[in-house]
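K.L.:
Sharing final26.cif (mmCIF, C-alpha atoms) below.
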data_coords
#
loop_
_atom_site.label_atom_id
_atom_site.label_comp_id
_atom_site.auth_asym_id
_atom_site.auth_seq_id
_atom_site.Cartn_x
_atom_site.Cartn_y
_atom_site.Cartn_z
CA MET N 23 118.30 95.23 122.48
CA THR N 24 115.72 94.89 125.25
CA ASN N 25 112.21 93.56 124.66
CA GLU N 26 113.27 92.05 121.35
CA TYR N 27 110.39 90.34 119.60
CA THR N 28 110.77 86.71 118.60
CA PRO N 29 108.16 85.79 115.97
CA PRO N 30 106.25 82.57 116.66
CA LYS N 31 106.31 79.75 114.15
CA VAL N 32 102.73 80.62 113.14
CA TRP N 33 101.41 84.17 113.45
CA VAL N 34 98.40 84.68 115.73
CA ASN N 35 96.18 87.76 115.73
CA ASP N 36 96.72 89.39 119.12
CA THR N 37 95.89 93.09 118.68
CA ASN N 38 93.87 93.63 121.83
CA GLY N 39 94.84 96.92 123.43
CA ALA N 40 94.12 100.61 123.65
CA ASN N 41 95.21 101.53 120.12
CA LYS N 42 91.94 102.08 118.26
CA TRP N 43 93.54 101.75 114.83
CA ALA N 44 95.16 98.42 115.68
CA ASN N 45 91.89 97.08 117.06
CA ILE N 46 90.05 97.83 113.80
CA ASN N 47 92.36 95.61 111.79
CA SER N 48 91.65 91.99 111.04
CA PRO N 49 93.29 89.28 108.91
CA VAL N 50 89.85 88.45 107.48
CA SER N 51 88.13 90.49 104.77
CA GLY N 52 84.43 90.98 104.11
CA ALA N 53 81.41 92.56 105.76
CA ARG N 54 81.09 92.53 109.53
CA PHE N 55 77.53 93.82 109.72
CA GLU N 56 74.53 94.49 107.49
CA LYS N 57 73.91 98.09 106.49
CA ALA N 58 72.96 99.58 103.14
CA LEU N 59 74.73 102.65 101.81
CA PRO N 60 72.79 105.89 101.47
CA ALA N 61 72.30 107.31 97.99
CA GLY N 62 71.51 110.76 96.66
CA ASP N 63 70.18 112.14 93.39
CA HIS N 64 73.38 112.55 91.39
CA ALA N 65 74.89 110.02 89.03
CA LEU N 66 78.12 109.97 91.03
CA GLN N 67 77.92 108.61 94.58
CA LEU N 68 81.09 108.91 96.66
CA TYR N 69 81.70 107.13 99.96
CA SER N 70 84.80 108.50 101.59
CA LEU N 71 86.65 110.37 104.33
CA ALA N 72 88.86 113.45 104.02
CA THR N 73 92.12 111.58 104.51
CA PRO N 74 94.75 112.20 101.82
CA ASN N 75 93.33 109.33 99.74
CA GLY N 76 89.82 110.73 100.07
CA GLN N 77 90.91 114.27 99.21
CA LYS N 78 92.30 113.12 95.88
CA VAL N 79 88.85 112.33 94.52
CA THR N 80 86.93 115.29 95.91
CA ILE N 81 89.61 117.66 94.62
CA LEU N 82 89.24 116.20 91.12
CA LEU N 83 85.45 116.39 91.28
CA GLU N 84 85.59 120.04 92.36
CA GLU N 85 88.12 120.79 89.60
CA LEU N 86 85.74 119.26 87.05
CA LEU N 87 82.84 121.31 88.40
CA ALA N 88 85.00 124.44 88.24
CA LEU N 89 85.34 123.80 84.50
CA GLY N 90 81.55 123.88 84.20
CA ILE N 91 81.09 120.12 83.78
CA LYS N 92 77.69 119.68 85.39
CA GLU N 93 77.78 115.92 84.94
CA ALA N 94 80.48 115.83 87.61
CA GLU N 95 77.98 116.77 90.33
CA TYR N 96 78.13 114.26 93.13
CA ASP N 97 76.82 113.18 96.51
CA ALA N 98 79.52 112.47 99.08
CA TYR N 99 78.82 110.42 102.20
CA LEU N 100 81.25 110.11 105.07
CA ILE N 101 82.59 106.67 105.93
CA ASN N 102 83.93 106.86 109.48
CA ILE N 103 86.76 104.35 109.43
CA SER N 104 87.41 104.76 113.16
CA GLU N 105 83.90 103.37 113.71
CA SER N 106 84.46 100.51 111.22
CA GLU N 107 81.84 101.80 108.77
CA GLN N 108 84.02 100.54 105.91
CA PHE N 109 83.02 97.02 106.94
CA SER N 110 79.30 97.42 106.32
CA SER N 111 77.72 95.08 103.78
CA GLY N 112 76.88 98.07 101.60
CA PHE N 113 80.42 99.43 101.51
CA VAL N 114 82.01 96.02 101.03
CA GLY N 115 79.62 95.54 98.12
CA VAL N 116 81.26 98.51 96.41
CA ASN N 117 84.81 97.88 97.58
CA PRO N 118 85.60 94.34 98.78
CA ASN N 119 88.90 95.68 100.12
CA SER N 120 87.08 97.90 102.68
CA LYS N 121 89.20 100.99 102.05
CA ILE N 122 88.05 104.51 101.26
CA PRO N 123 87.36 106.10 98.84
CA ALA N 124 84.79 104.19 96.83
CA LEU N 125 82.63 105.51 94.01
CA VAL N 126 79.44 104.30 92.35
CA ASP N 127 78.96 105.73 88.85
CA ARG N 128 75.28 105.47 87.92
CA SER N 129 75.51 107.45 84.70
CA GLY N 130 75.30 104.41 82.39
CA ASP N 131 72.85 101.61 81.89
CA GLU N 132 74.32 99.71 84.83
CA PRO N 133 76.03 101.14 87.95
CA VAL N 134 79.81 100.83 87.95
CA ASN N 135 81.70 100.36 91.22
CA VAL N 136 85.10 102.05 91.26
CA PHE N 137 87.58 101.66 94.09
CA GLU N 138 91.24 102.50 94.79
CA SER N 139 91.88 106.24 94.59
CA ALA N 140 94.05 106.08 91.48
CA SER N 141 91.43 104.01 89.68
CA ILE N 142 88.76 106.57 90.56
CA LEU N 143 90.97 109.43 89.34
CA LEU N 144 91.65 107.60 86.09
CA HIS N 145 87.97 106.70 85.63
CA LEU N 146 86.81 110.28 86.09
CA ALA N 147 89.62 111.85 84.05
CA GLU N 148 88.87 109.59 81.11
CA LYS N 149 85.11 109.92 81.52
CA PHE N 150 85.22 113.71 81.29
CA GLY N 151 88.36 114.10 79.15
CA GLN N 152 90.18 116.36 81.61
CA PHE N 153 93.45 116.45 83.57
CA LEU N 154 94.93 113.48 81.67
CA PRO N 155 96.47 113.80 78.21
CA ALA N 156 94.69 111.61 75.69
CA SER N 157 97.82 109.98 74.28
CA GLY N 158 101.55 110.15 73.82
CA ALA N 159 104.44 110.85 76.16
CA ALA N 160 102.51 113.36 78.26
CA ARG N 161 99.88 110.74 79.10
CA THR N 162 102.56 108.21 80.00
CA GLN N 163 104.35 110.69 82.25
CA THR N 164 101.10 111.51 84.04
CA LEU N 165 100.39 107.83 84.63
CA ASN N 166 103.98 107.27 85.76
CA TRP N 167 103.55 109.79 88.55
CA LEU N 168 100.01 108.73 89.37
CA PHE N 169 101.23 105.21 90.05
CA TRP N 170 104.38 106.50 91.74
CA ALA N 171 102.04 108.01 94.31
CA GLN N 172 100.19 104.72 94.76
CA GLY N 173 103.42 102.85 95.40
CA SER N 174 105.13 105.50 97.51
CA ALA N 175 102.45 106.94 99.79
CA PRO N 176 101.99 103.75 101.85
CA PHE N 177 105.58 104.19 103.07
CA LEU N 178 104.73 107.73 104.11
CA GLY N 179 101.35 106.95 105.69
CA GLY N 180 101.32 103.36 106.87
CA GLY N 181 105.06 103.48 107.47
CA PHE N 182 106.32 106.83 108.70
CA GLY N 183 102.97 108.26 109.79
CA HIS N 184 102.00 105.17 111.75
CA PHE N 185 105.21 104.79 113.71
CA TYR N 186 105.84 108.52 114.19
CA ALA N 187 102.31 109.64 115.08
CA TYR N 188 100.05 106.70 115.91
CA ALA N 189 102.00 103.77 117.35
CA ASP N 190 101.61 103.15 121.07
CA VAL N 191 105.37 103.40 121.61
CA LYS N 192 107.82 105.45 119.57
CA GLN N 193 110.59 103.16 118.41
CA GLU N 194 113.83 104.40 116.90
CA TYR N 195 114.32 101.76 114.22
CA PRO N 196 110.96 101.99 112.37
CA ILE N 197 110.82 105.80 112.71
CA ASN N 198 114.32 106.16 111.29
CA ARG N 199 113.65 103.58 108.58
CA PHE N 200 110.53 105.28 107.30
CA ALA N 201 111.77 108.84 107.88
CA MET N 202 114.66 108.03 105.55
CA GLU N 203 112.24 106.74 102.92
CA ALA N 204 109.89 109.73 103.31
CA LYS N 205 112.81 112.11 102.82
CA ARG N 206 114.05 110.12 99.82
CA GLN N 207 110.60 110.45 98.25
CA LEU N 208 110.53 114.19 98.95
CA ASP N 209 113.92 114.44 97.25
CA VAL N 210 112.57 112.59 94.21
CA LEU N 211 109.70 115.09 94.00
CA ASP N 212 111.94 118.07 94.64
CA LYS N 213 114.24 117.18 91.76
CA GLN N 214 111.30 116.58 89.42
CA LEU N 215 109.67 119.88 90.39
CA ALA N 216 112.94 121.73 89.88
CA GLN N 217 112.46 121.01 86.18
CA HIS N 218 108.67 121.33 85.85
CA ARG N 219 105.89 123.51 87.19
CA TYR N 220 103.77 120.46 87.97
CA VAL N 221 104.73 116.91 88.79
CA ALA N 222 104.22 115.39 85.33
CA GLY N 223 105.18 118.45 83.32
CA GLU N 224 103.82 121.90 82.63
CA GLN N 225 100.15 120.96 82.90
CA TYR N 226 98.20 120.40 86.11
CA SER N 227 96.93 116.81 86.14
CA ILE N 228 95.55 113.94 88.16
CA ALA N 229 99.16 113.19 89.12
CA ASP N 230 99.24 116.42 91.13
CA MET N 231 95.84 115.64 92.64
CA ALA N 232 97.10 112.22 93.74
CA ILE N 233 100.38 113.49 95.21
CA TRP N 234 99.40 116.83 96.79
CA PRO N 235 97.10 115.44 99.53
CA TRP N 236 100.01 113.38 100.85
CA TYR N 237 103.20 115.29 100.12
CA GLY N 238 101.71 118.77 99.77
CA ASN N 239 99.92 118.47 103.10
CA LEU N 240 103.11 117.11 104.62
CA VAL N 241 105.37 119.99 103.62
CA LEU N 242 102.68 122.55 104.46
CA GLY N 243 102.61 121.22 108.02
CA TYR N 244 99.15 119.61 107.90
CA LEU N 245 100.21 115.97 108.22
CA TYR N 246 101.57 114.16 111.31
CA GLU N 247 103.02 117.40 112.80
CA ALA N 248 106.27 116.23 111.25
CA ALA N 249 107.35 119.22 109.15
CA GLU N 250 110.23 120.19 111.44
CA PHE N 251 111.31 116.59 112.06
CA LEU N 252 111.57 115.91 108.32
CA ASP N 253 113.08 119.35 107.59
CA VAL N 254 110.51 119.95 104.85
CA ALA N 255 111.72 123.54 104.38
CA SER N 256 114.76 122.14 102.58
CA TYR N 257 112.57 120.89 99.73
CA GLN N 258 112.01 124.29 98.16
CA ASN N 259 110.57 123.07 94.89
CA VAL N 260 108.02 120.85 96.63
CA LEU N 261 107.04 123.77 98.86
CA ARG N 262 106.59 126.08 95.87
CA TRP N 263 104.37 123.51 94.15
CA ALA N 264 102.41 122.71 97.31
CA LYS N 265 101.65 126.37 98.02
CA GLU N 266 100.56 127.01 94.44
CA ILE N 267 98.14 124.08 94.42
CA GLU N 268 96.81 124.97 97.86
CA GLN N 269 95.62 128.30 96.42
CA ARG N 270 93.40 126.65 93.82
CA GLU N 271 89.75 127.19 94.71
CA ALA N 272 88.79 123.63 93.81
CA VAL N 273 91.48 122.27 96.12
CA GLN N 274 90.22 124.42 98.98
CA ARG N 275 86.72 123.12 98.31
CA GLY N 276 87.59 119.48 97.77
CA ARG N 277 89.82 119.10 100.82
CA ILE N 278 86.97 119.77 103.28
CA VAL N 279 84.45 117.28 101.87
CA ASN N 280 83.76 114.32 104.20
CA ARG N 281 85.78 116.00 106.93
CA GLY N 282 84.54 115.96 110.52
CA TRP N 283 87.47 117.50 112.40
CA GLY N 284 89.39 120.77 112.51
CA GLU N 285 88.00 124.29 112.32
CA GLU N 286 84.30 124.83 111.60
CA TRP N 287 85.08 126.26 108.16
CA GLU N 288 86.85 123.06 107.10
CA GLN N 289 84.25 120.50 108.19
CA LEU N 290 81.70 119.17 105.73
CA VAL N 291 80.51 115.70 106.67
CA GLU N 292 78.26 115.27 103.62
CA ARG N 293 78.19 117.07 100.31
CA HIS N 294 75.19 117.14 97.93
CA SER N 295 75.60 120.50 96.18
CA ALA N 296 78.01 123.37 95.74
CA ALA N 297 75.96 125.32 98.26
CA ASP N 298 76.97 122.86 100.98
CA ILE N 299 80.63 123.79 100.53
CA ASP N 300 79.85 127.50 100.13
CA GLN N 301 78.05 127.53 103.47
CA VAL N 302 80.95 125.95 105.32
CA LEU N 303 83.69 128.05 103.69
CA ALA N 304 81.71 131.20 104.52
CA LEU N 305 82.45 130.52 108.19
CA LYS N 306 86.14 131.27 107.56
CA ALA N 307 85.38 134.94 107.04
#
Please, can you express the file's structure as structure tokens?
P.N.:
Amino acid sequence: MTNEYTPPKVWVNDTNGANKWANINSPVSGARFEKALPAGDHALQLYSLATPNGQKVTILLEELLALGIKEAEYDAYLINISESEQFSSGFVGVNPNSKIPALVDRSGDEPVNVFESASILLHLAEKFGQFLPASGAARTQTLNWLFWAQGSAPFLGGGFGHFYAYADVKQEYPINRFAMEAKRQLDVLDKQLAQHRYVAGEQYSIADMAIWPWYGNLVLGYLYEAAEFLDVASYQNVLRWAKEIEQREAVQRGRIVNRGWGEEWEQLVERHSAADIDQVLALKA
């Protein structure tokens, strides 16, 4: 093998180059500059970006609003990770791990910071008593699949997606390694969805909201332009599920929040009311 890498005895950070994503990374955590976060009028303040992890939370919030739960109204502010906004003192104060999404719940006596997408989904589902069974086997199954998504998606995103779509040089070994894992995960989902309408059973839940932005977007051709490469058409049950969820109005609304790319009708940098989404979606017609 040519250009084989020999690791040094002690690793040294040497990420200087043209790859903007590599240059953002650092082995040191914490704030890099002082800047307070903006805040709106609602009890729920979301700081995010419409990546798959960000879409999970805005989809749930829009689903809650669709049920008529007014207390789920929220302000959503874009955190531009390509510009390192996740390293501001304000954002790090909410999430010391500097990853989107992050939520501040001001509905109680003291504000509560919630970070990690699965934690936010769980917090909101329990807070409003929706999309998560209260007890028993159904609750356990939902949590099984919620945490399956948390453990699996990094192999799809940081693994396959990085080396297939974002790395400076396409390398056979890492692409093949993570393509195999991505397809194995799709097979896991396909077999589960052959037996159930939704991932955790017959009821739509936060498990679907956690998994769809990654695997639904992937099989629908919206992620990494890799649908043909991964032969996603062979996962018929995943495709059926992904198409059904895509048709939900709350999903169509939630997926565009904190999005600053794509068509005009799918870009909403900030969200403060339902009217903000209505105005953007009206451009599709």
K.L.:
Report, in Å to a single decimal, how far apart atom CA of N:Ala72 and atom CA of N:Leu100 are.
P.N.:
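Taking atom CA of N:Leu100 and atom CA of N:Ala72, their separation equals 8.4 Å.
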K.L.:
Which residues are close to stretch 84-99 of chain N, i.e. within 6 Å by only C-alpha atoms, leaving aside same-chain residues fewer than 2 positions away? Reply as a list in words.
P.N.:
Gly62, His64, Leu66, Gln67, Leu68, Tyr69, Ile81, Leu82, Ala272, Gly276, Glu292, Arg293 and His294 of chain N
K.L.:
Please write the residues picked by the PyMOL selection byres ((chain N and resi 253) around 12) on this file as a ChimeraX atom specification.
P.N.:
/N:201-202,204-205,208-209,240-243,247-252,254-258,261
K.L.:
Which is closest to N:Ser174 among N:Arg275, N:His218, N:Lys149, N:Arg206, if we use only C-alpha atoms?
P.N.:
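When distances to N:Ser174 are compared using only C-alpha atoms, the smallest one comes from N:Arg206.
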K.L.:
Using the chain letters and residue numbers of this document, give as a ChimeraX atom specification the residues selected by the PyMOL selection byres ((chain N and resi 278) around 7).
P.N.:
/N:72,275-277,279-281,288-290
K.L.:
Hey, can you check how far atom CA of N:Pro123 sits from atom CA of N:Glu107?
P.N.:
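Separating atom CA of N:Pro123 from atom CA of N:Glu107 is a distance of 12.1 Å.
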K.L.:
Smallest atom-to-atom distance to N:Glu286: which of N:Ser111, N:Gln163, N:Gln301, N:Asn41, using all atoms listed in the file?
P.N.:
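Closest to N:Glu286, using all atoms listed in the file: N:Gln301.
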K.L.:
Give me the residues within 10 Å of N:Ser120 as a ChimeraX atom specification, counting all atoms listed in the file and dropping any in the same chain fewer than 4 places off.
P.N.:
/N:51-53,103,106-111,113-116,124,137
K.L.:
List as a list of chain:residue names the protein and nucleic acid residues near N:Tyr226, meaning an atom at most 12 Å away when only C-alpha atoms are counted, but skip any in the same chain fewer than 6 places from it.
P.N.:
N:Leu82, N:Glu85, N:Gln152, N:Phe153, N:Leu154, N:Pro155, N:Ala160, N:Thr164, N:His218, N:Arg219, N:Tyr220, N:Ala232, N:Ile233, N:Trp234, N:Trp263, N:Glu266, N:Ile267, N:Arg270
K.L.:
Go ahead and compute the interatomic distance for atom CA of N:Val191 and atom CA of N:Arg54, in Å to one decimal.
P.N.:
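Interatomic distance, atom CA of N:Val191 to atom CA of N:Arg54: 29.2 Å.
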K.L.:
So which one's closest to N:Asn35, N:Arg199, N:Phe150, N:Asp298, N:Pro49? Using only C-alpha atoms, please.
P.N.:
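Among the listed residues, N:Pro49 lies closest to N:Asn35.
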K.L.:
Just checking: using only C-alpha atoms, which residue out of N:Ile46, N:Ala216, N:Ala147, N:Ala171 ends up closest to N:Glu105?
P.N.:
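Counting only C-alpha atoms, the residue closest to N:Glu105 is N:Ile46.
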K.L.:
So that I can check the surroundings of N:Leu245, please list as a PyMOL selection string every protein, DNA and RNA residue that reaches within 10 Å of it, counting all atoms listed in the file and ignoring chain neighbours fewer than 4 positions away.
P.N.:
chain N and resi 73-74+179+183+187+235-241+249
K.L.:
Quick one: apply the PyMOL selection byres ((chain N and resi 126-131) around 6) to the file and drop the selected residues here as a ChimeraX atom specification.
P.N.:
/N:65-67,125,132-135
K.L.:
The selected residues should be written to file as a short mmCIF file (atom, residue, chain, number, x, y, z; two decimals), in the coordinates of the input (atoms: C-alpha atoms).
P.N.:
data_model
loop_
_atom_site.label_atom_id
_atom_site.label_comp_id
_atom_site.auth_asym_id
_atom_site.auth_seq_id
_atom_site.Cartn_x
_atom_site.Cartn_y
_atom_site.Cartn_z
CA ALA N 65 74.89 110.02 89.03
CA LEU N 66 78.12 109.97 91.03
CA GLN N 67 77.92 108.61 94.58
CA LEU N 125 82.63 105.51 94.01
CA GLU N 132 74.32 99.71 84.83
CA PRO N 133 76.03 101.14 87.95
CA VAL N 134 79.81 100.83 87.95
CA ASN N 135 81.70 100.36 91.22
#
K.L.:
Excluding N:Ala140 and its own-chain neighbours fewer than 4 positions away, which residues fall within 8 Å of it when counting all atoms listed in the file? Please give them as a ChimeraX atom specification.
P.N.:
/N:144,168-169,172,232
K.L.:
Give me a file of those residues, with C-alpha atoms, as an mmCIF file, in the coordinates of the input.
P.N.:
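Below is the file part-v6.cif, written as the result:
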data_model
loop_
_atom_site.group_PDB
_atom_site.id
_atom_site.type_symbol
_atom_site.label_atom_id
_atom_site.label_comp_id
_atom_site.auth_asym_id
_atom_site.auth_seq_id
_atom_site.Cartn_x
_atom_site.Cartn_y
_atom_site.Cartn_z
ATOM 1 C CA LEU N 144 91.650 107.600 86.090
ATOM 2 C CA LEU N 168 100.010 108.730 89.370
ATOM 3 C CA PHE N 169 101.230 105.210 90.050
ATOM 4 C CA GLN N 172 100.190 104.720 94.760
ATOM 5 C CA ALA N 232 97.100 112.220 93.740
#
K.L.:
Considering all atoms listed in the file, state which residue in the set N:Tyr246, N:Arg161, N:Ser295, N:Val221 is at the smallest distance from N:Leu178.
P.N.:
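Counting all atoms listed in the file, the residue closest to N:Leu178 is N:Tyr246.
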K.L.:
So, counting all atoms listed in the file, which residue among N:Phe177, N:Ala58, N:Ala296, N:Ile142 is closest to N:Gly112?
P.N.:
N:Ala58
